[in-house]
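Trainee: Take this structure first; my questions come after.
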Amino acid sequence: MSVTVRVPAKVNVQLGVGAARPDGFHPLATVFLAVSLFDEVTATPAAALTVTCEGPDADQVPLDRTNLAARAAEVLAARAGIEPAVHLHIAKNIPVAGGMAGGSADGAAALLACDTLWGLDTPRTELLDLCAELGSDVPFSLLGGAALGTGRGELLTPVDAGSFHWVFAVADGGLSTPAVFRAFDRLTAGTTVPEPQPSPELLAALASGDPDRLAPALSNGLQAASLSLRPALADTFAAGTGAGALAALVSGSGPTTAFLVRDEEGAAKVAAALEASGTCRTTRTASGPVPGATVLRG
C-alpha cells in the first residue's frame, strides 16, 4: 500500500515584515495564496526512512534528514511512538529555493501522507501544530486556499479570495531565506521598522476577485532585500510588466518573481515574453486559490 498527497505552491500577495525580535525571528503579517503548481509526495512502507526525488531541479533537493519531508515523518512517528519506517518519493514541480514554499509543501504533504499510511487519524489542529514545528510556511501548505499569517507566518486565519491568474518567472539558482532576512536587517538598520499589519485594501481586493484592484495592493517587505542580492531581477520585472502584466513582485524571499495577469490569454503572452527576454530560466503559469495538501491515492 502507498499514499500519494498533492500539495500546492504559494505566493505571498502581501508580506509585511517587522524588525527582528530577540530570538532572531521577524514578526510577519502575510497573506498567502495557494496556486496551481503542485508537488506530489508518495509514502510507502519501508525498512527505514528514505527519500527520493524526481522532476525539475530534483538534483537540488536534499535526500537526507534535512529534507522537510523526512523531518515530517520523524516528528509524526515520534508523536505516535513508532519508527518512521517509510519511503518518501517526491515528484517535484514547485521551483526549488524559489520563494514558493516548495520544501514546506513537501513537509506538509509527507505529514498527511504518513498520517494516512499509518492510520493515525491525527486531528487537523494537531497536524497544524506539527507543521508549525517544521517551519513557518508549512501550516499554510496543509491549509491551502487563501489565509492571513501572523506571528512567524504560522498563525493562520482563512480569508476570502476570488480566482486570479499568475505567471512565475523562475530564476537561475536560488536565494537563501536567512540571507534575504539578513539583507533586510542591513537595509533597515538605524530605522524604525513598524509592526507589520494586514492591509485592508489588499484583503478587500483579494475578496473582490478583480485583478485590476488587486494589482496596486500587492506588496513584499523583503523585495528590496531580495533585489539587493539579485539586482538582475529588476530586468525580469521590466520584461513582464512590459508585456502587459498588471503587477510584479518577488515571491516570498525570491528569487522567483510573480506577475499578476487578467486571464489565461494574458498569462500566455507574458510567459512568452519573459522566456524570450532571457531574464529568467523558465516560466510557469498558474491560478489560485487552490486547496492545500490533498490525498490523491491511498
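Ordering of the C-alpha cells sets the chain letters (A, B, ...), residue numbers begin anew at 1 in every chain, and ligands are numbered from 1 in the order given.
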Determine, counting only C-alpha atoms, which protein, DNA and RNA residues have an atom within 8 Å of an atom of Ala58 of chain A; residues of the same chain fewer than 4 positions away are not included. Present the result as a PDB file with N, CA, C and O atoms, in the first residue's frame.
Mentor:
```
ATOM      1  N   CYS A  53      13.647  11.690  -5.142  1.00  0.00           N
ATOM      2  CA  CYS A  53      13.012  12.839  -5.770  1.00  0.00           C
ATOM      3  C   CYS A  53      13.222  12.791  -7.274  1.00  0.00           C
ATOM      4  O   CYS A  53      14.292  12.377  -7.755  1.00  0.00           O
ATOM      5  N   GLU A  54      12.194  13.216  -8.011  1.00  0.00           N
ATOM      6  CA  GLU A  54      12.299  13.342  -9.460  1.00  0.00           C
ATOM      7  C   GLU A  54      11.653  14.657  -9.878  1.00  0.00           C
ATOM      8  O   GLU A  54      10.864  15.243  -9.133  1.00  0.00           O
ATOM      9  N   LYS A  92       8.662  16.449  -7.971  1.00  0.00           N
ATOM     10  CA  LYS A  92       8.882  17.883  -7.754  1.00  0.00           C
ATOM     11  C   LYS A  92       8.505  18.697  -8.985  1.00  0.00           C
ATOM     12  O   LYS A  92       9.008  18.460 -10.081  1.00  0.00           O
TER      13      LYS A  92
END
```
Trainee: At a cut-off of 8 Å, using only C-alpha atoms, what residues contact segment 167-173 of chain A? Leave out same-chain residues fewer than 5 positions from it and give the result as a compact mmCIF listing (two decimals) with N, CA and C atoms, in the first residue's frame.
Mentor:
```txt
# COMPACT_ATOMS: atom_id res chain seq x y z
N PRO A 95 9.22 25.22 -8.03
CA PRO A 95 10.63 25.63 -8.10
C PRO A 95 11.35 25.47 -6.76
N ALA A 97 14.00 26.37 -3.90
CA ALA A 97 14.61 27.58 -3.31
C ALA A 97 14.18 28.82 -4.07
N GLY A 98 12.88 28.86 -4.43
CA GLY A 98 12.37 29.95 -5.25
C GLY A 98 11.41 30.88 -4.56
N THR A 236 13.91 41.28 -15.01
CA THR A 236 12.79 40.36 -15.15
C THR A 236 11.47 41.11 -14.94
N PRO A 255 14.20 33.75 -5.40
CA PRO A 255 14.24 34.75 -6.46
C PRO A 255 13.15 34.60 -7.54
N THR A 256 12.20 33.67 -7.35
CA THR A 256 11.09 33.61 -8.30
C THR A 256 10.31 34.92 -8.25
N THR A 257 9.94 35.43 -9.42
CA THR A 257 9.13 36.65 -9.49
C THR A 257 7.73 36.29 -9.98
N ALA A 258 6.73 36.95 -9.42
CA ALA A 258 5.33 36.65 -9.70
C ALA A 258 4.71 37.82 -10.45
N PHE A 259 3.97 37.52 -11.50
CA PHE A 259 3.31 38.53 -12.32
C PHE A 259 1.81 38.27 -12.33
N LEU A 260 1.05 39.25 -11.90
CA LEU A 260 -0.41 39.16 -11.91
C LEU A 260 -0.91 39.56 -13.29
N VAL A 261 -1.78 38.72 -13.87
CA VAL A 261 -2.35 38.99 -15.19
C VAL A 261 -3.87 38.86 -15.11
N ALA A 267 -1.70 35.51 -19.48
CA ALA A 267 -0.63 34.71 -18.89
C ALA A 267 0.28 34.14 -19.98
N VAL A 270 2.50 36.99 -21.44
CA VAL A 270 3.57 37.41 -20.53
C VAL A 270 4.63 36.33 -20.40
N ALA A 271 4.21 35.08 -20.29
CA ALA A 271 5.16 33.97 -20.17
C ALA A 271 6.07 33.90 -21.40
N LEU A 274 8.59 36.78 -21.31
CA LEU A 274 9.63 36.55 -20.31
C LEU A 274 10.65 35.54 -20.80
N THR A 279 15.69 36.86 -19.36
CA THR A 279 15.90 37.35 -17.99
C THR A 279 15.52 36.32 -16.94
N CYS A 280 15.08 35.13 -17.34
CA CYS A 280 14.75 34.07 -16.39
C CYS A 280 15.06 32.73 -17.04
N ARG A 281 15.10 31.71 -16.22
CA ARG A 281 15.43 30.37 -16.73
C ARG A 281 14.24 29.71 -17.40
N THR A 282 13.06 29.88 -16.78
CA THR A 282 11.85 29.31 -17.33
C THR A 282 10.66 30.01 -16.69
N THR A 283 9.47 29.72 -17.18
CA THR A 283 8.26 30.31 -16.58
C THR A 283 7.26 29.22 -16.28
N ARG A 284 6.35 29.52 -15.37
CA ARG A 284 5.21 28.66 -15.06
C ARG A 284 3.97 29.54 -14.97
N THR A 285 2.86 29.07 -15.49
CA THR A 285 1.59 29.77 -15.31
C THR A 285 0.73 29.00 -14.32
N ALA A 286 -0.07 29.73 -13.56
CA ALA A 286 -0.88 29.09 -12.52
C ALA A 286 -2.02 30.02 -12.17
```
Trainee: Go through A:Gly190, A:Pro291, A:Gly135, A:Pro196 one by one, measure the shortest atom-to-atom distance of each to Val31 of chain A using only C-alpha atoms, and give the residue with the smallest value.
Mentor: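 Closest to Val31 of chain A of all the choices is A:Pro196.
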Trainee: Can you tell me, as a ChimeraX atom specification, what residues are no more than 8 Å from segment 3-13 of chain A when counting only C-alpha atoms, ignoring any on the same chain fewer than 3 positions away?
Mentor: /A:30-44,94,99-102,105-106,108-110,112-114,116-117,141-142,144,218-220,251-252,258,290-298
Trainee: Closest to Asp160 of chain A among A:Trp118, A:Val17, A:Gly288, A:Gly174, using only C-alpha atoms?
Mentor: A:Gly288
Trainee: Kindly indicate which residue among A:Leu233, A:Ala245, A:Thr192, A:Pro289 lies nearest to Ala272 of chain A, using only C-alpha atoms for the distances.
Mentor: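 Of the candidates, the smallest distance to Ala272 of chain A is held by A:Ala245.
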